Amino acid sequence: MNNFTYIRVTSLLDAVNQAVTDPNSTFIAGGTNLVDRLKVFLDQPSQIIDISRLQMQGIDTMADGSLRLGALVSNTAVADNTDIRRNYPLLARAILSGASQQIRNMATVGGNLLQRTRCPYYYDTAFPCNKRQLGTGCPAITGINRNHAILGASEDCVAVHPSDMCVALTALDAVVEVSSPQGQRQIPFTEFHRLPGNTPQQDTNLEQGELITAVILPPLSWAKSGVYLKIRDRASYSFALISVAAAISIKGEQIQATCLALGGVAHKPWRATAAEEFLVGKSADVATFTEAAEIALQPAQPLTHNGYKVELAKRAIIRALIVSAQGGGVV
Ligand code: SF4
């Protein structure tokens, strides 16, 4: 860990003003991923701004029926919230499928969005890595890439985004609220994270010094039938090989609306928009779901060791859609 200046702020304005005094600043709240990275010199900030005392711990219903999650609400509090369990159950289940109870108690909404890939080459500084130092190469492309991306990767990086919560938020059309000294702006969740392209060092579209203040969930009555299916190497405390967040609205036999997002497949939570568009207006049966799964994985480009993910993702999509069509619940 390098030497840095530590500052604890007590107002949002102080936080964002302090951040622009040093372009090598970082914010800390729960610290559940940042501290790991500090310890192995992946992050070497000269200034750490502790925002954990700011008043961003509320879960509030807005006038339009949206639910506003403050950036400092713990993952545990989100998963335990009655409104979320009732109206957005796939979000609660996604959170409970990740990490451990102790980590969920510390981890925050804002921090969850900013956790970085668990690509082992990224964390092992004995290897080169374009995400750590642009231009050094990507050993995962020719190395052990069983856990890496099958969608949206580039020749510079094939890492996957690690968060379960973000897959759920992508499916639910969430919006990220951010602040800076210039004011506040909102970023649609699907545009918050980035694909690697030739800038794999950048995970998000946040500007330097911008602070996440909240995540907003729009009202979505049919999300009550939502499911989160996570497939991993062991039953707990493990990142997704494949995950699916899905919800489906059916009238009669026909699909009225749907949302479908995948985790463990790309550098960002992956919204399967082509499959969603295919599903609307079709009958809600296994044949339709199977075709949607084919469409969702059609652009997949597996690496040497992760071809299994293509078939696994298809089966997970079909399973998630079947359960959602039956009213949701634990998959
Ligand atoms: Fe680094 Fe990305 Fe390659 Fe992993 S996949 S070694 S994070 S460049």
# chains A, B, ... in the order shown; residues from 1 in each chain; ligands from 1
>>> residues_near_ligand(ligand="ligand 1", cutoff="6 Å", atoms="only C-alpha atoms and all ligand atoms", output="number ranges by chain")
A: 119, 121-122, 129-131, 138-140, 156-159
>>> closest_residue(among="A:Val35, A:Leu241, A:Ala313, A:Ala261", to="Glu294 in chain A", atoms="only C-alpha atoms")
A:Ala313
>>> closest_residue(among="A:Gln256, A:Gln202, A:Ser154, A:Thr273", to="Leu297 in chain A", atoms="only C-alpha atoms")
A:Thr273
>>> closest_atom_pairs(of="range 160-223 of chain A", to="range 88-93 of chain A", cutoff="12 Å", atoms="only C-alpha atoms", output="JSON lines")
{"residue": "A:Ser163", "atom": "CA", "partner": "A:Leu91", "partner_atom": "CA", "distance": 11.7}
{"residue": "A:Asp164", "atom": "CA", "partner": "A:Leu91", "partner_atom": "CA", "distance": 8.6}
{"residue": "A:Met165", "atom": "CA", "partner": "A:Leu91", "partner_atom": "CA", "distance": 6.3}
{"residue": "A:Cys166", "atom": "CA", "partner": "A:Leu91", "partner_atom": "CA", "distance": 8.8}
{"residue": "A:Val167", "atom": "CA", "partner": "A:Leu91", "partner_atom": "CA", "distance": 8.6}
{"residue": "A:Ala168", "atom": "CA", "partner": "A:Leu91", "partner_atom": "CA", "distance": 5.2}
{"residue": "A:Leu169", "atom": "CA", "partner": "A:Leu91", "partner_atom": "CA", "distance": 7.0}
{"residue": "A:Thr170", "atom": "CA", "partner": "A:Leu91", "partner_atom": "CA", "distance": 10.1}
{"residue": "A:Ala171", "atom": "CA", "partner": "A:Leu90", "partner_atom": "CA", "distance": 9.3}
{"residue": "A:Leu172", "atom": "CA", "partner": "A:Tyr88", "partner_atom": "CA", "distance": 8.2}
{"residue": "A:Asp173", "atom": "CA", "partner": "A:Tyr88", "partner_atom": "CA", "distance": 11.6}
{"residue": "A:Ala174", "atom": "CA", "partner": "A:Leu91", "partner_atom": "CA", "distance": 10.9}
{"residue": "A:Leu217", "atom": "CA", "partner": "A:Tyr88", "partner_atom": "CA", "distance": 8.9}
{"residue": "A:Pro218", "atom": "CA", "partner": "A:Tyr88", "partner_atom": "CA", "distance": 10.2}
{"residue": "A:Pro219", "atom": "CA", "partner": "A:Tyr88", "partner_atom": "CA", "distance": 9.4}
{"residue": "A:Leu220", "atom": "CA", "partner": "A:Tyr88", "partner_atom": "CA", "distance": 8.2}
{"residue": "A:Ser221", "atom": "CA", "partner": "A:Tyr88", "partner_atom": "CA", "distance": 8.8}
{"residue": "A:Trp222", "atom": "CA", "partner": "A:Tyr88", "partner_atom": "CA", "distance": 9.0}
{"residue": "A:Ala223", "atom": "CA", "partner": "A:Tyr88", "partner_atom": "CA", "distance": 5.6}
>>> decode(residues="range 85-96 of chain A", atoms="all heavy atoms", output="compact mmCIF listing (two decimals), in the first residue's frame")
# COMPACT_ATOMS: atom_id res chain seq x y z
N ARG A 85 -38.05 -6.46 -1.90
CA ARG A 85 -38.37 -7.90 -1.91
C ARG A 85 -39.71 -8.15 -2.60
O ARG A 85 -39.89 -9.16 -3.28
CB ARG A 85 -38.39 -8.46 -0.49
CG ARG A 85 -37.01 -8.43 0.15
CD ARG A 85 -37.08 -8.82 1.60
NE ARG A 85 -37.19 -10.24 1.77
CZ ARG A 85 -36.17 -11.05 2.03
NH1 ARG A 85 -34.96 -10.56 2.15
NH2 ARG A 85 -36.34 -12.33 2.19
N ARG A 86 -40.65 -7.20 -2.43
CA ARG A 86 -41.98 -7.39 -3.02
C ARG A 86 -42.00 -7.02 -4.51
O ARG A 86 -42.55 -7.75 -5.33
CB ARG A 86 -43.00 -6.54 -2.26
CG ARG A 86 -44.45 -6.72 -2.74
CD ARG A 86 -45.38 -5.66 -2.15
NE ARG A 86 -45.31 -5.61 -0.70
CZ ARG A 86 -45.01 -4.51 -0.01
NH1 ARG A 86 -44.77 -3.37 -0.63
NH2 ARG A 86 -44.98 -4.53 1.31
N ASN A 87 -41.40 -5.88 -4.85
CA ASN A 87 -41.56 -5.33 -6.20
C ASN A 87 -40.40 -5.61 -7.15
O ASN A 87 -40.57 -5.58 -8.37
CB ASN A 87 -41.78 -3.81 -6.12
CG ASN A 87 -43.04 -3.48 -5.35
OD1 ASN A 87 -44.05 -4.17 -5.46
ND2 ASN A 87 -42.99 -2.43 -4.55
N TYR A 88 -39.22 -5.83 -6.58
CA TYR A 88 -38.04 -6.10 -7.43
C TYR A 88 -37.29 -7.31 -6.86
O TYR A 88 -36.11 -7.22 -6.51
CB TYR A 88 -37.10 -4.89 -7.44
CG TYR A 88 -37.75 -3.57 -7.80
CD1 TYR A 88 -38.19 -2.70 -6.80
CD2 TYR A 88 -37.92 -3.18 -9.13
CE1 TYR A 88 -38.77 -1.48 -7.12
CE2 TYR A 88 -38.50 -1.97 -9.46
CZ TYR A 88 -38.93 -1.12 -8.45
OH TYR A 88 -39.50 0.09 -8.77
N PRO A 89 -37.98 -8.46 -6.75
CA PRO A 89 -37.35 -9.59 -6.05
C PRO A 89 -36.05 -10.06 -6.71
O PRO A 89 -35.17 -10.59 -6.03
CB PRO A 89 -38.43 -10.68 -6.10
CG PRO A 89 -39.34 -10.28 -7.22
CD PRO A 89 -39.33 -8.78 -7.23
N LEU A 90 -35.93 -9.85 -8.03
CA LEU A 90 -34.69 -10.32 -8.67
C LEU A 90 -33.49 -9.54 -8.16
O LEU A 90 -32.37 -10.05 -8.13
CB LEU A 90 -34.80 -10.30 -10.19
CG LEU A 90 -34.84 -8.97 -10.95
CD1 LEU A 90 -33.46 -8.49 -11.31
CD2 LEU A 90 -35.67 -9.15 -12.22
N LEU A 91 -33.69 -8.28 -7.75
CA LEU A 91 -32.58 -7.49 -7.19
C LEU A 91 -32.17 -8.04 -5.83
O LEU A 91 -30.98 -8.22 -5.55
CB LEU A 91 -33.00 -6.02 -7.09
CG LEU A 91 -31.99 -5.09 -6.41
CD1 LEU A 91 -30.63 -5.13 -7.13
CD2 LEU A 91 -32.52 -3.65 -6.37
N ALA A 92 -33.16 -8.32 -4.98
CA ALA A 92 -32.83 -8.88 -3.66
C ALA A 92 -32.09 -10.21 -3.82
O ALA A 92 -31.09 -10.47 -3.14
CB ALA A 92 -34.10 -9.07 -2.85
N ARG A 93 -32.57 -11.05 -4.73
CA ARG A 93 -31.93 -12.37 -4.90
C ARG A 93 -30.53 -12.25 -5.49
O ARG A 93 -29.64 -13.02 -5.16
CB ARG A 93 -32.82 -13.27 -5.76
CG ARG A 93 -34.10 -13.62 -5.04
CD ARG A 93 -34.87 -14.75 -5.69
NE ARG A 93 -36.14 -14.89 -4.99
CZ ARG A 93 -37.31 -14.51 -5.49
NH1 ARG A 93 -37.39 -14.01 -6.72
NH2 ARG A 93 -38.42 -14.65 -4.79
N ALA A 94 -30.35 -11.29 -6.40
CA ALA A 94 -29.01 -11.09 -6.97
C ALA A 94 -28.03 -10.71 -5.87
O ALA A 94 -26.92 -11.24 -5.80
CB ALA A 94 -29.07 -10.01 -8.05
N ILE A 95 -28.45 -9.79 -5.01
CA ILE A 95 -27.53 -9.35 -3.94
C ILE A 95 -27.22 -10.51 -3.00
O ILE A 95 -26.07 -10.74 -2.63
CB ILE A 95 -28.15 -8.16 -3.18
CG1 ILE A 95 -28.20 -6.93 -4.09
CG2 ILE A 95 -27.36 -7.86 -1.91
CD1 ILE A 95 -29.00 -5.78 -3.53
N LEU A 96 -28.25 -11.25 -2.62
CA LEU A 96 -28.03 -12.35 -1.66
C LEU A 96 -27.22 -13.49 -2.25
O LEU A 96 -26.68 -14.32 -1.51
CB LEU A 96 -29.38 -12.87 -1.15
CG LEU A 96 -30.15 -11.87 -0.29
CD1 LEU A 96 -31.54 -12.40 0.04
CD2 LEU A 96 -29.39 -11.53 0.98
